[in-house]
Amino acid sequence: MTETPAAPAAQTAGGPSADRPHFGFEVGRRLETGGRTGTITTPHGQIRTPAFIPVGTKGTVKAVRPDEMAELGAQALLANAYHLYLQPGADLIDEAGGLGAFMNWPGPTFTDSGGFQVMSLGAGFKKVISMEATGAVGSDDAVAPGKERRSFVDEDGVDFRSHLDGTVHRFTPEVSMRVQHELGADIMFAFDELTTLMNSRGYQEESLERTRRWAIRCVAEHERLTRERAHRPYQALFGVLQGAQYEDLRRKAARDLGAMDFDGFGIGGALEKENLGTIVGWVCEELPEAKPRHLLGISEPDDLFTAIRAGADTFDCVSPSRVARNAAVYTRDGRFNLSAAAHRRNFGPIDPECDCYTCQHYSRAYLRHLYKAKEMLFSTLCTIHNERFTVSLVDRIRAAMEAGDLDALEAETLGRYYAQKTVRS
């Protein structure tokens with residue numbers, strides 16, 4: 001892999017403007033592969049990119065206080081419009097002054113459109129990159145094994161049943177925009193239709209066109225609500241690119257949405273891990289250089305290096321906090337499970353090279369005790385560690401890009417992290 005010298009890039013046209021004050025994006029240094037560093041400016045502060053954005057689904061990163069997230073290095077947090085719409089309600093959060101004020105997080109915030117949850121929960125799929133279903137590829141009504149379909153798509157929007165109480169709700173592009181405006185995040189996403197790898201080529205084409213039409217409606221409603229809510233800080237709107245694993249569909253989505261008045265772009269949809277870098281590369285070749293690109297749903301070290309080299313700027317994923325609550329922790333020498341008996345009398349930290357609060361103050365033996373005793377503190381301490389691991393890895397990638405040392409960092413990081421897996425295989 002060849003890198004360009006770490007020289008400053010020319011200023012882009014992506015800085016704050018009169019009609020979009022306090023929001024913009026400036027590219028810093030570029031790699032020959034398409035990756036770049038940069039800075040996103042928002043009303044609540046700047047995000048140096050590449051950056052990992054921890055997920056606080058319901059207005060909190062589970063078990064961790066906002067000040068603890070700031071201390072471990074998180075630059076921004078992402079919450080979920082679907083969940084907050086159902087509970088406690090976007091209007092309540094609006095009345096509280098917006099998501100950041102409601103959750104006591106002073107930095108930048110993201111909200112997704114709710115489209116992923118409406119579709120994935122509706123079909124019973126878990127939140128993973130590649131969503132697999134039973135049955136043959138080409139099924140246009142794919143549902144996860146043993147699950148009942150709870151969402152139904154038409155041209156205007158989606159009807160869905162709440163996973164909380166079974167009540168029926170409807171999301172349209174206009175509803176998603178209203179909900180996200182009320183939530184008040186600095187960056188929000190257009191409403192899109194999520195497909196799976198099980199859907200036929202024909203349905204992927206139909207869905208992509210529907211997402212394009214929904215994107216037009218999102219832009220129009222966003223502009224209307226921005227004028228109506230001029231008393232609130234400007235909220236950036238990112239378009240979401242679908243197209244599964246088809247190059248022509250991914251490139252078409254990037255060209256179509258790239259021509260619209262979006263502030264940035266989200267790269268979404270189900271895809272297979274081995275095609276991640278290729279797909280990110282396709283869309284980044286088509287997208288405007290001066291606008292940021294957010295890749296939805298990745299956090300594994302190899303995926304981060306791959307996506308950053310291909311041109312993605314920010315990332316989010318629930319995995320670091322989710323696996324932490326189940327005793328899985330990351331280290332520079334790979335991931336392991338604290339519940340194993342081998343850690344019962346290990347009085348060293350999770351990772352002696354980690355600077356997080358947990359590793360500086362607690363032993364594996366104590367953490368394993370908390371897990372076995374079902375103490376809530378376990379989730380807090382392990383989530384702090386896993387989020388710090390992921391945030392700091394992307395920070396080190398960004399620093400290496402600026403210094404021209406990315407090749408060396410990638411070889412050392414992935415060589416150590418996946419060494420045990422290589423030995424076992």
# chains A, B, ... in the order shown; residues from 1 in each chain; ligands from 1
>>> residues_around(residues="A:Arg36", least_positions_apart="2", cutoff="8 Å", atoms="only C-alpha atoms", output="list in words")
Val27, Gly28, Arg29, Arg30, Leu31, Gly34, Gly38, Pro50, Ile308, Arg309, Gly311, Asp313 and Met401 of chain A
>>> select_by_dssp(residues="stretch 288-381 of chain A", states="strand (DSSP E or B)", output="number ranges by chain")
A: 293-296, 314-317, 328-331, 334-337
>>> residues_around(residues="A:Thr109", least_positions_apart="3", cutoff="7 Å", atoms="only C-alpha atoms", output="mmCIF file with C-alpha atoms, in the first residue's frame")
data_model
loop_
_atom_site.group_PDB
_atom_site.id
_atom_site.type_symbol
_atom_site.label_atom_id
_atom_site.label_comp_id
_atom_site.auth_asym_id
_atom_site.auth_seq_id
_atom_site.Cartn_x
_atom_site.Cartn_y
_atom_site.Cartn_z
ATOM 1 C CA ALA A 76 -19.151 12.936 19.403
ATOM 2 C CA LEU A 77 -21.963 10.509 20.222
ATOM 3 C CA LEU A 78 -24.674 8.957 18.045
ATOM 4 C CA GLY A 100 -27.137 17.173 23.886
ATOM 5 C CA ALA A 185 -28.531 16.504 16.708
ATOM 6 C CA ASP A 186 -25.769 18.353 14.857
ATOM 7 C CA ILE A 187 -25.714 15.677 12.142
#
>>> residues_around(residues="A:Ala74", least_positions_apart="4", cutoff="9 Å", atoms="only C-alpha atoms", output="PDB file with N, CA and C atoms, in the first residue's frame")
ATOM      1  N   ALA A  51     -12.579   9.541  12.707  1.00  0.00           N
ATOM      2  CA  ALA A  51     -13.026   9.494  14.098  1.00  0.00           C
ATOM      3  C   ALA A  51     -14.046   8.388  14.284  1.00  0.00           C
ATOM      4  N   PHE A  52     -13.957   7.705  15.425  1.00  0.00           N
ATOM      5  CA  PHE A  52     -14.975   6.734  15.806  1.00  0.00           C
ATOM      6  C   PHE A  52     -15.996   7.427  16.685  1.00  0.00           C
ATOM      7  N   ILE A  53     -17.284   7.243  16.357  1.00  0.00           N
ATOM      8  CA  ILE A  53     -18.378   7.883  17.071  1.00  0.00           C
ATOM      9  C   ILE A  53     -19.109   6.820  17.887  1.00  0.00           C
ATOM     10  N   PRO A  54     -18.913   6.763  19.210  1.00  0.00           N
ATOM     11  CA  PRO A  54     -19.616   5.758  20.025  1.00  0.00           C
ATOM     12  C   PRO A  54     -21.130   5.935  19.950  1.00  0.00           C
ATOM     13  N   MET A  69     -17.346   9.404  28.903  1.00  0.00           N
ATOM     14  CA  MET A  69     -17.121   9.261  27.461  1.00  0.00           C
ATOM     15  C   MET A  69     -16.181  10.344  26.955  1.00  0.00           C
ATOM     16  N   ALA A  70     -16.351  11.561  27.474  1.00  0.00           N
ATOM     17  CA  ALA A  70     -15.452  12.647  27.077  1.00  0.00           C
ATOM     18  C   ALA A  70     -14.027  12.365  27.558  1.00  0.00           C
ATOM     19  N   GLU A 387     -14.571   1.101  24.625  1.00  0.00           N
ATOM     20  CA  GLU A 387     -14.747   2.346  23.873  1.00  0.00           C
ATOM     21  C   GLU A 387     -13.416   3.084  23.748  1.00  0.00           C
ATOM     22  N   ARG A 388     -12.634   3.093  24.823  1.00  0.00           N
ATOM     23  CA  ARG A 388     -11.319   3.739  24.754  1.00  0.00           C
ATOM     24  C   ARG A 388     -10.426   3.036  23.752  1.00  0.00           C
ATOM     25  N   VAL A 391     -11.783   4.138  20.187  1.00  0.00           N
ATOM     26  CA  VAL A 391     -11.542   5.565  19.943  1.00  0.00           C
ATOM     27  C   VAL A 391     -10.050   5.836  19.771  1.00  0.00           C
ATOM     28  N   SER A 392      -9.227   5.279  20.647  1.00  0.00           N
ATOM     29  CA  SER A 392      -7.796   5.567  20.584  1.00  0.00           C
ATOM     30  C   SER A 392      -7.140   4.921  19.369  1.00  0.00           C
TER      31      SER A 392
END
>>> select_by_dssp(residues="stretch 195-253 of chain A", states="alpha helix (DSSP H)", output="short mmCIF file (atom, residue, chain, number, x, y, z; two decimals) with C-alpha atoms, in the first residue's frame")
data_model
loop_
_atom_site.label_atom_id
_atom_site.label_comp_id
_atom_site.auth_asym_id
_atom_site.auth_seq_id
_atom_site.Cartn_x
_atom_site.Cartn_y
_atom_site.Cartn_z
CA ARG A 201 -31.26 -7.71 -7.96
CA GLY A 202 -34.61 -6.44 -9.19
CA TYR A 203 -35.75 -5.49 -5.72
CA GLN A 204 -32.40 -3.80 -4.99
CA GLU A 205 -32.94 -1.60 -8.05
CA GLU A 206 -36.51 -0.78 -7.03
CA SER A 207 -35.46 -0.01 -3.47
CA LEU A 208 -32.55 2.17 -4.57
CA GLU A 209 -34.89 4.28 -6.68
CA ARG A 210 -37.32 4.56 -3.78
CA THR A 211 -34.49 5.69 -1.48
CA ARG A 212 -33.52 8.31 -4.10
CA ARG A 213 -37.08 9.66 -4.17
CA TRP A 214 -37.19 9.65 -0.38
CA ALA A 215 -33.88 11.56 -0.34
CA ILE A 216 -35.42 14.33 -2.46
CA ARG A 217 -38.30 14.55 0.01
CA CYS A 218 -35.91 14.59 2.96
CA VAL A 219 -33.94 17.51 1.51
CA ALA A 220 -37.13 19.49 0.87
CA GLU A 221 -38.52 18.85 4.36
CA HIS A 222 -35.15 19.56 5.96
CA GLU A 223 -35.02 22.94 4.22
CA ARG A 224 -38.56 23.75 5.33
CA LEU A 225 -37.92 22.77 8.95
CA THR A 226 -34.60 24.65 9.00
CA ARG A 227 -36.45 27.84 8.07
CA GLU A 228 -39.23 27.12 10.55
CA GLU A 247 -20.98 -1.70 -8.17
CA ASP A 248 -23.31 0.00 -10.64
CA LEU A 249 -26.00 0.53 -7.97
CA ARG A 250 -23.55 1.85 -5.39
CA ARG A 251 -22.02 4.26 -7.89
CA LYS A 252 -25.46 5.37 -9.10
CA ALA A 253 -26.55 6.04 -5.52
#
>>> closest_residue(among="A:His22, A:Ala341, A:Pro288, A:Lys58", to="A:Met260", atoms="only C-alpha atoms")
A:Pro288
>>> residues_around(residues="stretch 157-162 of chain A", least_positions_apart="3", cutoff="8 Å", atoms="only C-alpha atoms", output="MDAnalysis selection string")
chainID A and resid 86 118 122 150:154 165:173
>>> write_last_selection(atoms="N, CA and C atoms", output="CSV table (one decimal), in the first residue's frame")
chain,number,residue,atom,x,y,z
A,86,LEU,N,-39.9,6.5,20.1
A,86,LEU,CA,-40.8,5.6,20.8
A,86,LEU,C,-40.8,6.0,22.3
A,118,VAL,N,-36.3,0.4,11.8
A,118,VAL,CA,-37.6,0.1,11.3
A,118,VAL,C,-37.5,-1.1,10.4
A,122,GLY,N,-37.9,-4.9,12.0
A,122,GLY,CA,-39.1,-5.4,11.4
A,122,GLY,C,-38.9,-6.8,10.8
A,150,ARG,N,-42.5,-7.2,11.1
A,150,ARG,CA,-43.2,-6.2,11.8
A,150,ARG,C,-43.1,-4.8,11.1
A,151,SER,N,-42.6,-4.8,9.8
A,151,SER,CA,-42.6,-3.6,9.1
A,151,SER,C,-43.0,-3.9,7.6
A,152,PHE,N,-43.6,-2.9,7.0
A,152,PHE,CA,-44.1,-3.0,5.6
A,152,PHE,C,-43.9,-1.7,4.9
A,153,VAL,N,-43.2,-1.8,3.7
A,153,VAL,CA,-42.8,-0.7,3.0
A,153,VAL,C,-43.7,-0.4,1.8
A,154,ASP,N,-44.1,0.9,1.6
A,154,ASP,CA,-44.7,1.3,0.4
A,154,ASP,C,-44.0,2.6,-0.1
A,165,ASP,N,-44.2,-2.3,22.6
A,165,ASP,CA,-45.6,-2.6,23.0
A,165,ASP,C,-46.5,-3.1,21.8
A,166,GLY,N,-45.9,-3.2,20.6
A,166,GLY,CA,-46.7,-3.7,19.5
A,166,GLY,C,-47.6,-2.7,18.8
A,167,THR,N,-47.6,-1.4,19.3
A,167,THR,CA,-48.4,-0.4,18.7
A,167,THR,C,-47.9,-0.1,17.3
A,168,VAL,N,-48.8,0.3,16.4
A,168,VAL,CA,-48.5,0.6,15.0
A,168,VAL,C,-48.1,2.0,14.8
A,169,HIS,N,-47.0,2.3,14.1
A,169,HIS,CA,-46.5,3.6,13.8
A,169,HIS,C,-46.1,3.7,12.3
A,170,ARG,N,-45.9,4.9,11.8
A,170,ARG,CA,-45.6,5.1,10.4
A,170,ARG,C,-44.5,6.1,10.3
A,171,PHE,N,-43.4,5.8,9.6
A,171,PHE,CA,-42.3,6.7,9.3
A,171,PHE,C,-42.3,7.0,7.8
A,172,THR,N,-42.3,8.2,7.5
A,172,THR,CA,-42.1,8.7,6.1
A,172,THR,C,-40.8,9.6,6.1
A,173,PRO,N,-40.3,10.0,5.0
A,173,PRO,CA,-39.2,10.9,5.0
A,173,PRO,C,-39.5,12.2,5.8
>>> closest_residue(among="A:Ala310, A:Val175, A:Ser113, A:Leu304", to="A:Val240", atoms="only C-alpha atoms")
A:Ser113
>>> residues_around(residues="A:Ala328", least_positions_apart="3", cutoff="10 Å", atoms="only C-alpha atoms", output="JSON, numbers by chain")
{"A": [320, 321, 322, 323, 324, 325, 335, 336, 337, 338, 339, 382, 383, 386]}
>>> write_last_selection(atoms="C-alpha atoms", output="tab-separated table (two decimals), in the first residue's frame")
chain	number	residue	atom	x	y	z
A	320	PRO	CA	-17.66	-2.13	21.73
A	321	SER	CA	-20.30	-1.51	24.40
A	322	ARG	CA	-22.46	-4.51	23.53
A	323	VAL	CA	-19.71	-7.11	23.77
A	324	ALA	CA	-18.31	-5.44	26.91
A	325	ARG	CA	-21.52	-6.21	28.77
A	335	ARG	CA	-10.02	-9.99	22.07
A	336	PHE	CA	-10.73	-12.33	24.96
A	337	ASN	CA	-13.48	-13.13	27.46
A	338	LEU	CA	-13.06	-12.09	31.09
A	339	SER	CA	-15.41	-14.82	32.28
A	382	CYS	CA	-15.55	-2.89	30.59
A	383	THR	CA	-17.46	-0.48	28.34
A	386	ASN	CA	-13.65	-1.13	24.94
>>> decode(residues="stretch 304-390 of chain A", atoms="C-alpha atoms", output="mmCIF file, in the first residue's frame")
data_model
loop_
_atom_site.group_PDB
_atom_site.id
_atom_site.type_symbol
_atom_site.label_atom_id
_atom_site.label_comp_id
_atom_site.auth_asym_id
_atom_site.auth_seq_id
_atom_site.Cartn_x
_atom_site.Cartn_y
_atom_site.Cartn_z
ATOM 1 C CA LEU A 304 -11.344 0.457 10.343
ATOM 2 C CA PHE A 305 -8.020 0.424 8.502
ATOM 3 C CA THR A 306 -9.722 -0.791 5.318
ATOM 4 C CA ALA A 307 -12.494 1.799 5.393
ATOM 5 C CA ILE A 308 -10.193 4.689 6.293
ATOM 6 C CA ARG A 309 -7.803 3.868 3.465
ATOM 7 C CA ALA A 310 -10.759 3.800 1.049
ATOM 8 C CA GLY A 311 -11.999 7.262 2.081
ATOM 9 C CA ALA A 312 -14.462 6.993 5.000
ATOM 10 C CA ASP A 313 -14.160 9.754 7.600
ATOM 11 C CA THR A 314 -16.308 8.728 10.577
ATOM 12 C CA PHE A 315 -17.756 5.458 11.883
ATOM 13 C CA ASP A 316 -20.202 4.226 14.496
ATOM 14 C CA CYS A 317 -20.947 0.831 15.982
ATOM 15 C CA VAL A 318 -22.674 -0.592 19.061
ATOM 16 C CA SER A 319 -20.255 -3.519 19.252
ATOM 17 C CA PRO A 320 -17.664 -2.126 21.729
ATOM 18 C CA SER A 321 -20.303 -1.510 24.398
ATOM 19 C CA ARG A 322 -22.456 -4.515 23.535
ATOM 20 C CA VAL A 323 -19.713 -7.110 23.771
ATOM 21 C CA ALA A 324 -18.312 -5.441 26.906
ATOM 22 C CA ARG A 325 -21.522 -6.212 28.774
ATOM 23 C CA ASN A 326 -21.004 -9.874 27.831
ATOM 24 C CA ALA A 327 -17.427 -9.959 29.190
ATOM 25 C CA ALA A 328 -15.596 -9.643 25.834
ATOM 26 C CA VAL A 329 -12.781 -7.099 25.936
ATOM 27 C CA TYR A 330 -10.303 -5.810 23.356
ATOM 28 C CA THR A 331 -6.530 -5.631 23.786
ATOM 29 C CA ARG A 332 -3.692 -4.901 21.409
ATOM 30 C CA ASP A 333 -3.068 -8.645 21.398
ATOM 31 C CA GLY A 334 -6.618 -9.576 20.489
ATOM 32 C CA ARG A 335 -10.017 -9.988 22.073
ATOM 33 C CA PHE A 336 -10.732 -12.333 24.965
ATOM 34 C CA ASN A 337 -13.484 -13.128 27.462
ATOM 35 C CA LEU A 338 -13.057 -12.095 31.092
ATOM 36 C CA SER A 339 -15.408 -14.818 32.280
ATOM 37 C CA ALA A 340 -12.760 -17.482 31.625
ATOM 38 C CA ALA A 341 -11.344 -19.234 34.690
ATOM 39 C CA ALA A 342 -7.816 -18.258 33.661
ATOM 40 C CA HIS A 343 -8.477 -14.698 34.872
ATOM 41 C CA ARG A 344 -9.721 -15.641 38.356
ATOM 42 C CA ARG A 345 -6.336 -14.905 39.961
ATOM 43 C CA ASN A 346 -4.905 -12.546 37.346
ATOM 44 C CA PHE A 347 -4.223 -9.289 39.165
ATOM 45 C CA GLY A 348 -2.979 -7.444 36.116
ATOM 46 C CA PRO A 349 -5.085 -5.051 33.986
ATOM 47 C CA ILE A 350 -7.076 -6.010 30.905
ATOM 48 C CA ASP A 351 -4.295 -4.503 28.789
ATOM 49 C CA PRO A 352 -1.044 -3.206 30.366
ATOM 50 C CA GLU A 353 -0.595 -0.823 27.419
ATOM 51 C CA CYS A 354 -4.047 0.774 27.811
ATOM 52 C CA ASP A 355 -4.389 4.178 29.463
ATOM 53 C CA CYS A 356 -8.121 3.932 30.227
ATOM 54 C CA TYR A 357 -9.530 4.409 33.724
ATOM 55 C CA THR A 358 -10.354 0.719 34.044
ATOM 56 C CA CYS A 359 -6.877 -0.526 33.177
ATOM 57 C CA GLN A 360 -5.264 2.053 35.441
ATOM 58 C CA HIS A 361 -7.288 1.030 38.494
ATOM 59 C CA TYR A 362 -8.697 -2.536 38.226
ATOM 60 C CA SER A 363 -7.474 -6.083 37.705
ATOM 61 C CA ARG A 364 -8.848 -8.855 35.541
ATOM 62 C CA ALA A 365 -9.542 -10.812 38.732
ATOM 63 C CA TYR A 366 -11.713 -8.025 40.141
ATOM 64 C CA LEU A 367 -13.565 -7.526 36.870
ATOM 65 C CA ARG A 368 -14.222 -11.250 36.571
ATOM 66 C CA HIS A 369 -15.576 -11.200 40.130
ATOM 67 C CA LEU A 370 -17.958 -8.353 39.202
ATOM 68 C CA TYR A 371 -19.164 -10.284 36.170
ATOM 69 C CA LYS A 372 -19.765 -13.502 38.106
ATOM 70 C CA ALA A 373 -21.512 -11.557 40.890
ATOM 71 C CA LYS A 374 -23.683 -9.788 38.282
ATOM 72 C CA GLU A 375 -22.625 -6.379 39.561
ATOM 73 C CA MET A 376 -23.586 -3.387 37.410
ATOM 74 C CA LEU A 377 -20.138 -1.839 37.787
ATOM 75 C CA PHE A 378 -18.784 -4.559 35.491
ATOM 76 C CA SER A 379 -20.601 -3.130 32.465
ATOM 77 C CA THR A 380 -19.367 0.373 33.237
ATOM 78 C CA LEU A 381 -15.713 -0.565 33.590
ATOM 79 C CA CYS A 382 -15.553 -2.885 30.588
ATOM 80 C CA THR A 383 -17.458 -0.483 28.341
ATOM 81 C CA ILE A 384 -15.046 2.312 29.267
ATOM 82 C CA HIS A 385 -12.168 0.059 28.256
ATOM 83 C CA ASN A 386 -13.649 -1.131 24.940
ATOM 84 C CA GLU A 387 -14.747 2.346 23.873
ATOM 85 C CA ARG A 388 -11.319 3.739 24.754
ATOM 86 C CA PHE A 389 -9.647 0.965 22.772
ATOM 87 C CA THR A 390 -11.670 1.777 19.645
#
